[in-house]
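*Asks:* Have a look at this one before I ask anything.
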Amino acid sequence: MPVLPPKNRIWNVLKSKVSLAPMAGVTDYVLRSMIRQYCKNCLITTEMISSEFLAQNRNQTDILMLDNSHHPIAYQICGHKPYMMQDAARRLSEVADIIDINMGCPVRKVVCGHDGSALMREPELAYDIVQAVKEGTTLPVSVKFRLGFTASEMNYVEFGQKMQEAGAEFITIHARTRSQMYSGKADWTKIKDLKNSVDVPVFANGDINSVENAIECIEQSSADGVAIGRGVLGDPTLISRIDHYFNTGEILPAPSLKDKLEIMKNHLAQEVEIKGERVAVKFFRKFYPYYISGVQNASKYRGVLVKEDNYKTLQEYFEQIERELV
Ligand SMILES: Cc1cc2nc3c(=O)[nH]c(=O)nc-3n(C[C@H](O)[C@H](O)[C@H](O)COP(=O)(O)O)c2cc1C
């Protein structure tokens with residue numbers, strides 16, 4: 001007889017009702033560390049890690065970098081070959097608290113490789129993957145998926161039930177279809193059907209970018225918690241503020257512009273330390289629009305920031321921005 005994991009052990013890992021959603025090229029070691037700095041308990045998730053990539057580059061991925069403070073952390077794996085996913089799970093179990101399986105990525109290259117949201121069209125294969133992953137780890141296994149592949153293929157309820165049957169202990173659902181990619185608005189009301197059809201915790205995801213939004217999403221979805229992706233861009237404190245609300249009922253103010261500029265400087269400084277100046281300065285360009293969004297003359301500042309290669313010049317320019325705006 002197989003030894004079944006204790007029911008609800010997932011709640012030993014999900015200590016908060018908020019999690020950081022995985023974002024490739026965004027939720028790197030530094031951002032994960034920052035989220036943890038503000039929120040002690042929330043689950044944080046790595047960027048997706050291709051099981052094939054892991055098999056080929058066994059010791060060459062900085063995605064695996066972990067600080068002890070990062071726990072509880074889910075390592076997200078992506079792929080469609082059960083044995084390879086099992087191997088990835090086995091390896092990542094040394095560092096992870098949850099193994100999360102990506103069944104929602106809409107990117108063409110990923111979908112054409114039968115990975116990500118393509119698995120929603122192949123529930124039997126998705127089932128086999130969850131089972132194989134479970135055989136590779138004693139950790140809880142979770143899945144992240146969307147409403148379906150297209151509007152006429154919204155199979156998220158049956159799909160979720162099947163994943164639970166295969167052994168998934170936790171679900172994050174992005175309330176859009178694959179065809180929507182990131183367009184339109186996430187339909188949180190749909191999540192209720194899933195929540196009412198499975199026993200495992202369900203976290204709602206998509207377009208939650210304020211504490212008020214998180215409250216509304218829980219009201220509309222009845223979800224057990226929320227997963228935040230793009231909402232942390234320009235505001236890595238958001239998750240901690242949502243967590244604070246869930247724990248106390250108090251809504252803390254969003255960071256002021258001065259705070260945001262301070263966080264931005266600190267974020268870049270840590271990226272420089274980890275990635276080195278040349279790589280970090282280029283990598284960081286994607287973050288400026290979020291940190292300075294809504295400020296007067298934002299496009300002028302952005303135009304300068306995204307062209308500058310020199311870290312010292314950038315630091316001087318940050319001071320200038322602060323003098324002009326704060
Ligand atoms: C730049 C970017 C990278 C992403 N990478 C991943 C990924 O690696 N794995 C995954 O499951 N979802 C990924 N997503 C999807 C997010 O986790 C999330 O489901 C989606 O952005 C909707 O939530 P949000 O509105 O809170 O951002 C990514 C999204 C973005 C914008």
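Chain lettering (A, B, ...) mirrors the order of the structure tokens, residue numbering begins at 1 for each chain separately, and ligand numbering begins at 1 in order of display.
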Go through chain A residue by residue and, counting only C-alpha atoms and all ligand atoms, keep those with an atom at most 8 Å from ligand 1; for each kept residue give the shortest atom pair and its distance in Å to one decimal, ordered by chain and increasing number, as a Markdown table.

*Replies:*
```
| residue | atom | partner | partner_atom_place_in_ligand_line | distance |
| --- | --- | --- | --- | --- |
| A:Ala21 | CA | ligand 1 | 17 (O) | 4.4 |
| A:Pro22 | CA | ligand 1 | 17 (O) | 4.4 |
| A:Met23 | CA | ligand 1 | 5 (N) | 3.2 |
| A:Ala24 | CA | ligand 1 | 5 (N) | 3.9 |
| A:Gly25 | CA | ligand 1 | 1 (C) | 6.3 |
| A:Val26 | CA | ligand 1 | 1 (C) | 6.1 |
| A:Thr46 | CA | ligand 1 | 8 (O) | 7.5 |
| A:Glu47 | CA | ligand 1 | 8 (O) | 4.4 |
| A:Met48 | CA | ligand 1 | 8 (O) | 3.8 |
| A:Ile49 | CA | ligand 1 | 8 (O) | 7.4 |
| A:Gln76 | CA | ligand 1 | 9 (N) | 7.0 |
| A:Ile101 | CA | ligand 1 | 11 (O) | 7.7 |
| A:Asn102 | CA | ligand 1 | 11 (O) | 4.9 |
| A:Met103 | CA | ligand 1 | 11 (O) | 6.9 |
| A:Gly104 | CA | ligand 1 | 11 (O) | 5.6 |
| A:Cys105 | CA | ligand 1 | 12 (N) | 5.5 |
| A:Gly116 | CA | ligand 1 | 11 (O) | 7.7 |
| A:Lys144 | CA | ligand 1 | 11 (O) | 5.9 |
| A:Phe145 | CA | ligand 1 | 11 (O) | 7.3 |
| A:Ile173 | CA | ligand 1 | 19 (O) | 7.5 |
| A:His174 | CA | ligand 1 | 19 (O) | 5.1 |
| A:Ala175 | CA | ligand 1 | 22 (C) | 8.0 |
| A:Tyr182 | CA | ligand 1 | 22 (C) | 7.1 |
| A:Ala186 | CA | ligand 1 | 25 (O) | 7.7 |
| A:Asn205 | CA | ligand 1 | 23 (O) | 5.2 |
| A:Gly206 | CA | ligand 1 | 25 (O) | 3.6 |
| A:Asp207 | CA | ligand 1 | 25 (O) | 3.5 |
| A:Ile208 | CA | ligand 1 | 26 (O) | 5.3 |
| A:Asn209 | CA | ligand 1 | 26 (O) | 6.9 |
| A:Ala227 | CA | ligand 1 | 26 (O) | 6.5 |
| A:Ile228 | CA | ligand 1 | 26 (O) | 4.2 |
| A:Gly229 | CA | ligand 1 | 26 (O) | 3.4 |
| A:Arg230 | CA | ligand 1 | 27 (O) | 3.7 |
| A:Gly231 | CA | ligand 1 | 26 (O) | 5.6 |
```

*Asks:* Do you know which residues are at most 8 Å from A:Leu119 counting only C-alpha atoms, after dropping those on the same chain fewer than 6 positions away, and could you put them as a list of chain:residue names?

*Replies:*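 The residues that qualify are A:His80, A:Met103, A:Leu125, A:Ala126.
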
*Asks:* Residues near A:Ser222, anyone? I mean within 12 Å using only C-alpha atoms, not counting same-chain ones fewer than 2 positions away, as a compact mmCIF listing (two decimals) with C-alpha atoms, in the first residue's frame.

*Replies:*
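The resulting file, result24.txt, is reproduced below:
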```
# COMPACT_ATOMS: atom_id res chain seq x y z
CA TRP A 188 -12.18 35.80 -11.03
CA THR A 189 -15.83 34.69 -10.83
CA LYS A 190 -15.00 31.54 -12.82
CA ILE A 191 -12.60 30.36 -10.13
CA LYS A 192 -15.54 29.70 -7.82
CA ASP A 193 -16.57 26.68 -9.92
CA LEU A 194 -13.13 25.17 -9.45
CA LYS A 195 -13.01 26.00 -5.77
CA ASN A 196 -16.37 24.23 -5.29
CA SER A 197 -15.16 21.15 -7.17
CA PRO A 201 -6.43 24.85 -1.68
CA VAL A 202 -6.96 27.08 -4.72
CA PHE A 203 -5.13 30.40 -5.13
CA ALA A 204 -6.59 32.88 -7.59
CA ALA A 214 -7.15 41.13 -3.65
CA ILE A 215 -10.19 41.56 -1.40
CA GLU A 216 -12.49 41.82 -4.43
CA CYS A 217 -10.90 38.77 -6.02
CA ILE A 218 -11.45 36.65 -2.90
CA GLU A 219 -15.07 37.84 -2.72
CA GLN A 220 -15.69 36.95 -6.37
CA ASP A 224 -8.26 30.27 -0.48
CA GLY A 225 -5.68 32.87 -1.37
CA VAL A 226 -4.19 34.95 -4.14
```
